[in-house]
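**Student:** Pasting a structure below so you can have a look.
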Amino acid sequence: MSVAAKTQEILSLARSRAVQDRERLLLAIVDLCDAGDSANALMESPPVQGLLSSIFMSLVVEAERDIRRRLSEKLATASWAPVALINVLALDDIEIARPVIASSPVLQDQDLIRLLVEATVEHQIEVARRPQLGAPVVAAILEQNEPAVLTALAGNATARVTPGDLRRLIGASERVAALRTPLSRHPGLTDDLARELYLWVGQALRNSLANRFRLDQAALDAAIAESVREAHGGVQHEVEGTVVFPKEDEREDIEKRLLAKLDAAGQLRPGYLLRALREAKLSLFIGGLTTLGRYDPNQVRKAIDSDRPELLALACAGVGIDRSVFPTILDLVRELNGGQPGGGAEGTRRAAGAFGPFSPDIARTAFVQAIAKV
């Protein structure tokens, strides 16, 4: 049957109110998808587009699952497909939604971001795997911080992932082991990022990273081993099998040397600060935040002891700590610092505003200026 004849059949079926004709209409449109460029041109014409928009939604709602699946597969690459229809199919069961999420040119960044908010984790994973994923969608995935979705993003070599995005994924790999292998193979990985990732991966991936980026594996392994010993053991030396712990001033000196070594090796990252707090090492957190932000230690201490948690939030934003992580940091700091920084729930609300749509450099500058007025 010619395209013109097929079109006449579609128009005739569209005028019918019979249930069986409605189903035949859907199948006829599906078949027309295979008719080539001439059919595409016809489907993009205003009269047919108007027809599609007016009837498609009710047809799809009433259609059986198998027909919806076939429709999704056929429309996955169609540029003429009605926007509303593609969005409905994208929210359908994952087996139906997968083709359009992966390939539909109709879906825009805002549609994909809506899927990240409204759809299941399975749908979100398909969004993260979509080829040529745009920067706004990547940012939304990082903001949600769902491990399975982050892992899918890490394996998407065509997504528009910046070095800063990769650094956040590497930071997440401390707790999400599944991220490590795809990140080690990511084409956007640099020498500096490889050194950061090196800390969290197993021996096989360490060897792979060392070979790919020509890292000084012996030096990195030695720095990591010494950092772990100093940070977690807190041990100065052993005498006849007896563990001797350092005095407070000696501990502070050890922490300074540890932070300096981690910083020099490129291994001091925002995730380390949260780890220090979880181990009840407030002074290590303060030193790490000071080192990462190149702040004056007195500035950080003043922020922590104030009744304005937004100051600490600015300092954290200035070193790349994520908005979603800060409430945990604030709770831990308050627990270790006698309830400071104060401000209560209202202060916590104000602190959220420190993570605005601006860069860490701007947040860092704002912190220095704000703390000078305290």
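Residue numbers start at 1 in each chain; chains themselves are named A, B, ... in the order of the structure tokens; ligands are numbered from 1 in the order shown.
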Using only C-alpha atoms, determine which residues lie at most 8 Å from Leu311 of chain A, disregarding the query and same-chain residues fewer than 5 positions distant; provide the list as a PyMOL selection string.

**Tutor:** chain A and resi 303+351+367+370-371

**Student:** With N, CA and C atoms retained, write the just-selected residues as a PDB file, in the first residue's frame.

**Tutor:**
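Result written to out.pdb:
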ATOM      1  N   ALA A 303      33.803  30.466  62.215  1.00  0.00           N
ATOM      2  CA  ALA A 303      32.549  30.035  61.589  1.00  0.00           C
ATOM      3  C   ALA A 303      31.902  28.914  62.394  1.00  0.00           C
ATOM      4  N   ALA A 351      21.446  28.248  55.874  1.00  0.00           N
ATOM      5  CA  ALA A 351      22.658  27.608  55.369  1.00  0.00           C
ATOM      6  C   ALA A 351      22.442  27.009  53.996  1.00  0.00           C
ATOM      7  N   PHE A 367      32.683  33.624  51.565  1.00  0.00           N
ATOM      8  CA  PHE A 367      32.985  33.196  52.943  1.00  0.00           C
ATOM      9  C   PHE A 367      34.019  34.125  53.584  1.00  0.00           C
ATOM     10  N   ALA A 370      32.465  37.448  54.325  1.00  0.00           N
ATOM     11  CA  ALA A 370      31.455  37.411  55.384  1.00  0.00           C
ATOM     12  C   ALA A 370      32.094  37.198  56.754  1.00  0.00           C
ATOM     13  N   ILE A 371      33.093  36.328  56.830  1.00  0.00           N
ATOM     14  CA  ILE A 371      33.689  36.027  58.123  1.00  0.00           C
ATOM     15  C   ILE A 371      34.487  37.211  58.648  1.00  0.00           C
TER      16      ILE A 371
END

**Student:** Apply DSSP to the structure's backbone, then extract all residues of segment 95-226 of chain A labelled alpha helix (DSSP H) and return them as a ChimeraX atom specification.

**Tutor:** /A:95-103,109-118,121-129,135-144,147-154,163-172,180-184,191-198,203-213,217-226

**Student:** Using only C-alpha atoms, determine which residues lie at most 6 Å from segment 124-129 of chain A, disregarding the query and same-chain residues fewer than 4 positions distant; provide the list as a PyMOL selection string.

**Tutor:** chain A and resi 116+149+152-153+156

**Student:** Quick one: everything within 9 Å of Arg323 of chain A, counting only C-alpha atoms, minus sequence neighbours fewer than 4 positions away in the same chain. Send it as number ranges by chain.

**Tutor:** A: 143, 313, 317, 327, 352, 354-356

**Student:** Filtering to N, CA, C and O atoms, could you give me those residues as a compact mmCIF listing (two decimals), in the first residue's frame?

**Tutor:**
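Below is the file that was written, part-v4.txt:
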# COMPACT_ATOMS: atom_id res chain seq x y z
N GLU A 143 23.14 15.71 41.59
CA GLU A 143 22.43 16.31 42.72
C GLU A 143 21.62 15.26 43.47
O GLU A 143 21.58 15.26 44.71
N ALA A 313 28.55 26.81 55.91
CA ALA A 313 28.05 26.32 54.62
C ALA A 313 28.81 26.96 53.47
O ALA A 313 29.17 26.29 52.49
N ALA A 317 30.91 25.01 50.74
CA ALA A 317 30.62 25.17 49.32
C ALA A 317 31.87 25.61 48.56
O ALA A 317 32.07 25.26 47.39
N PRO A 327 23.90 19.01 55.45
CA PRO A 327 23.15 18.79 56.70
C PRO A 327 23.81 17.76 57.61
O PRO A 327 23.81 17.92 58.83
N ALA A 352 21.22 26.51 53.74
CA ALA A 352 20.94 25.90 52.44
C ALA A 352 21.12 26.90 51.31
O ALA A 352 21.48 26.53 50.18
N ALA A 354 23.46 28.93 50.94
CA ALA A 354 24.88 29.12 50.60
C ALA A 354 25.27 28.27 49.40
O ALA A 354 26.31 28.53 48.78
N PHE A 355 24.45 27.27 49.08
CA PHE A 355 24.76 26.40 47.95
C PHE A 355 23.93 26.83 46.75
O PHE A 355 23.12 26.08 46.21
N GLY A 356 24.13 28.07 46.36
CA GLY A 356 23.37 28.60 45.24
C GLY A 356 23.97 28.20 43.91
O GLY A 356 24.94 27.44 43.85

**Student:** Measuring between only C-alpha atoms, which one of A:Asn145, A:Ser359, A:Ser103, A:Gln110 shows the shortest distance to Ser173 of chain A?

**Tutor:** A:Asn145

**Student:** What does the structure give for the distance between atom CA of Ser72 of chain A and atom CA of Ala119 of chain A, in Å to one decimal?

**Tutor:** 16.8 Å

**Student:** Between A:Val325, A:Leu336, A:Ala315, A:Pro163, single out the one closest to Gln369 of chain A, counting only C-alpha atoms.

**Tutor:**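 Of A:Val325, A:Leu336, A:Ala315, A:Pro163, the one nearest Gln369 of chain A, counting only C-alpha atoms, is A:Ala315.
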
**Student:** What's the separation between atom CA of Glu252 of chain A and atom CA of Leu273 of chain A, in Å to one decimal place?

**Tutor:**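 Result for atom CA of Glu252 of chain A versus atom CA of Leu273 of chain A: 15.7 Å, one decimal.
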
**Student:** A:Ala102, A:Gly288, A:Glu310, A:Ile321: which is nearest Arg350 of chain A, counting only C-alpha atoms?

**Tutor:**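 That would be A:Glu310, the residue with the smallest distance to Arg350 of chain A.
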
**Student:** Give me the residues within 8 Å of segment 212-223 of chain A as a PyMOL selection string, counting only C-alpha atoms and dropping any in the same chain fewer than 4 places off.

**Tutor:** chain A and resi 190-191+194-195+206-208+227+261-262+265

**Student:** Would you work out the distance separating atom CA of Pro82 of chain A from atom CA of Val117 of chain A, expressed in Å to one decimal?

**Tutor:** 21.9 Å

**Student:** Near segment 92-99 of chain A, counting only C-alpha atoms, which residues have an atom at most 6 Å away, once you skip same-chain residues fewer than 3 positions from it, shown as a short mmCIF file (atom, residue, chain, number, x, y, z; two decimals) with all heavy atoms, in the first residue's frame?

**Tutor:**
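Below you can see part.cif, which holds the result:
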data_model
loop_
_atom_site.label_atom_id
_atom_site.label_comp_id
_atom_site.auth_asym_id
_atom_site.auth_seq_id
_atom_site.Cartn_x
_atom_site.Cartn_y
_atom_site.Cartn_z
N ARG A 69 4.23 -1.17 23.71
CA ARG A 69 5.65 -1.50 23.54
C ARG A 69 6.08 -1.35 22.09
O ARG A 69 7.13 -0.77 21.79
CB ARG A 69 5.91 -2.93 24.03
CG ARG A 69 7.37 -3.37 23.91
CD ARG A 69 7.55 -4.81 24.35
NE ARG A 69 6.69 -5.72 23.59
CZ ARG A 69 6.95 -6.12 22.35
NH1 ARG A 69 8.03 -5.68 21.71
NH2 ARG A 69 6.14 -6.95 21.72
N GLU A 73 8.86 1.30 20.45
CA GLU A 73 9.99 0.89 19.62
C GLU A 73 9.99 1.61 18.28
O GLU A 73 11.04 2.04 17.79
CB GLU A 73 9.95 -0.62 19.41
CG GLU A 73 10.21 -1.42 20.69
CD GLU A 73 9.94 -2.91 20.50
OE1 GLU A 73 9.40 -3.28 19.43
OE2 GLU A 73 10.26 -3.69 21.41
N ALA A 76 10.73 5.50 18.68
CA ALA A 76 11.93 5.86 19.44
C ALA A 76 12.83 6.84 18.70
O ALA A 76 13.48 7.68 19.32
CB ALA A 76 12.71 4.60 19.80
N LEU A 89 4.90 7.71 27.14
CA LEU A 89 5.58 6.43 26.95
C LEU A 89 6.83 6.34 27.82
O LEU A 89 7.16 5.27 28.33
CB LEU A 89 5.94 6.24 25.47
CG LEU A 89 4.77 6.01 24.52
CD1 LEU A 89 5.26 6.03 23.07
CD2 LEU A 89 4.06 4.69 24.82
N ALA A 102 16.02 6.08 25.62
CA ALA A 102 17.36 5.92 25.06
C ALA A 102 17.57 6.73 23.79
O ALA A 102 18.67 7.23 23.56
CB ALA A 102 17.62 4.44 24.77
#

**Student:** As number ranges by chain, please: the residues near segment 181-184 of chain A (cut-off 12 Å, only C-alpha atoms, same-chain neighbours under 3 positions excluded).

**Tutor:** A: 150-157, 161, 163, 165-173, 176-178, 187-191, 193-213

**Student:** DSSP on the backbone, strand (DSSP E) only: what residues of segment 124-356 of chain A does that give? Format it as a PDB file with all heavy atoms, in the first residue's frame.

**Tutor:**
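Output saved as result-v9.pdb:
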ATOM      1  N   HIS A 237      54.515   5.582  68.145  1.00  0.00           N
ATOM      2  CA  HIS A 237      55.530   4.539  68.064  1.00  0.00           C
ATOM      3  C   HIS A 237      55.138   3.389  68.981  1.00  0.00           C
ATOM      4  O   HIS A 237      54.177   3.483  69.739  1.00  0.00           O
ATOM      5  CB  HIS A 237      56.918   5.084  68.445  1.00  0.00           C
ATOM      6  CG  HIS A 237      56.971   5.662  69.827  1.00  0.00           C
ATOM      7  ND1 HIS A 237      56.637   6.967  70.096  1.00  0.00           N
ATOM      8  CD2 HIS A 237      57.319   5.085  71.016  1.00  0.00           C
ATOM      9  CE1 HIS A 237      56.777   7.202  71.393  1.00  0.00           C
ATOM     10  NE2 HIS A 237      57.186   6.075  71.975  1.00  0.00           N
ATOM     11  N   GLU A 238      55.876   2.319  68.912  1.00  0.00           N
ATOM     12  CA  GLU A 238      55.625   1.165  69.774  1.00  0.00           C
ATOM     13  C   GLU A 238      56.893   0.853  70.563  1.00  0.00           C
ATOM     14  O   GLU A 238      57.996   0.923  70.044  1.00  0.00           O
ATOM     15  CB  GLU A 238      55.219  -0.063  68.952  1.00  0.00           C
ATOM     16  CG  GLU A 238      53.878   0.110  68.233  1.00  0.00           C
ATOM     17  CD  GLU A 238      53.451  -1.158  67.525  1.00  0.00           C
ATOM     18  OE1 GLU A 238      54.178  -2.167  67.633  1.00  0.00           O
ATOM     19  OE2 GLU A 238      52.401  -1.147  66.863  1.00  0.00           O
ATOM     20  N   VAL A 239      56.717   0.524  71.832  1.00  0.00           N
ATOM     21  CA  VAL A 239      57.838   0.161  72.691  1.00  0.00           C
ATOM     22  C   VAL A 239      57.548  -1.210  73.282  1.00  0.00           C
ATOM     23  O   VAL A 239      56.619  -1.351  74.092  1.00  0.00           O
ATOM     24  CB  VAL A 239      58.038   1.201  73.815  1.00  0.00           C
ATOM     25  CG1 VAL A 239      59.204   0.786  74.694  1.00  0.00           C
ATOM     26  CG2 VAL A 239      58.272   2.589  73.225  1.00  0.00           C
ATOM     27  N   THR A 242      54.040  -2.308  73.255  1.00  0.00           N
ATOM     28  CA  THR A 242      53.043  -1.436  73.878  1.00  0.00           C
ATOM     29  C   THR A 242      52.773  -0.239  72.972  1.00  0.00           C
ATOM     30  O   THR A 242      53.706   0.446  72.551  1.00  0.00           O
ATOM     31  CB  THR A 242      53.548  -0.917  75.239  1.00  0.00           C
ATOM     32  OG1 THR A 242      53.829  -2.035  76.069  1.00  0.00           O
ATOM     33  CG2 THR A 242      52.505  -0.024  75.886  1.00  0.00           C
ATOM     34  N   VAL A 243      51.514   0.006  72.664  1.00  0.00           N
ATOM     35  CA  VAL A 243      51.156   1.134  71.801  1.00  0.00           C
ATOM     36  C   VAL A 243      51.185   2.413  72.622  1.00  0.00           C
ATOM     37  O   VAL A 243      50.569   2.501  73.685  1.00  0.00           O
ATOM     38  CB  VAL A 243      49.752   0.924  71.198  1.00  0.00           C
ATOM     39  CG1 VAL A 243      49.368   2.123  70.345  1.00  0.00           C
ATOM     40  CG2 VAL A 243      49.732  -0.353  70.363  1.00  0.00           C
ATOM     41  N   VAL A 244      51.908   3.420  72.147  1.00  0.00           N
ATOM     42  CA  VAL A 244      52.024   4.704  72.834  1.00  0.00           C
ATOM     43  C   VAL A 244      51.313   5.758  71.986  1.00  0.00           C
ATOM     44  O   VAL A 244      51.687   5.983  70.840  1.00  0.00           O
ATOM     45  CB  VAL A 244      53.503   5.100  73.021  1.00  0.00           C
ATOM     46  CG1 VAL A 244      53.595   6.434  73.748  1.00  0.00           C
ATOM     47  CG2 VAL A 244      54.232   4.001  73.787  1.00  0.00           C
TER      48      VAL A 244
END
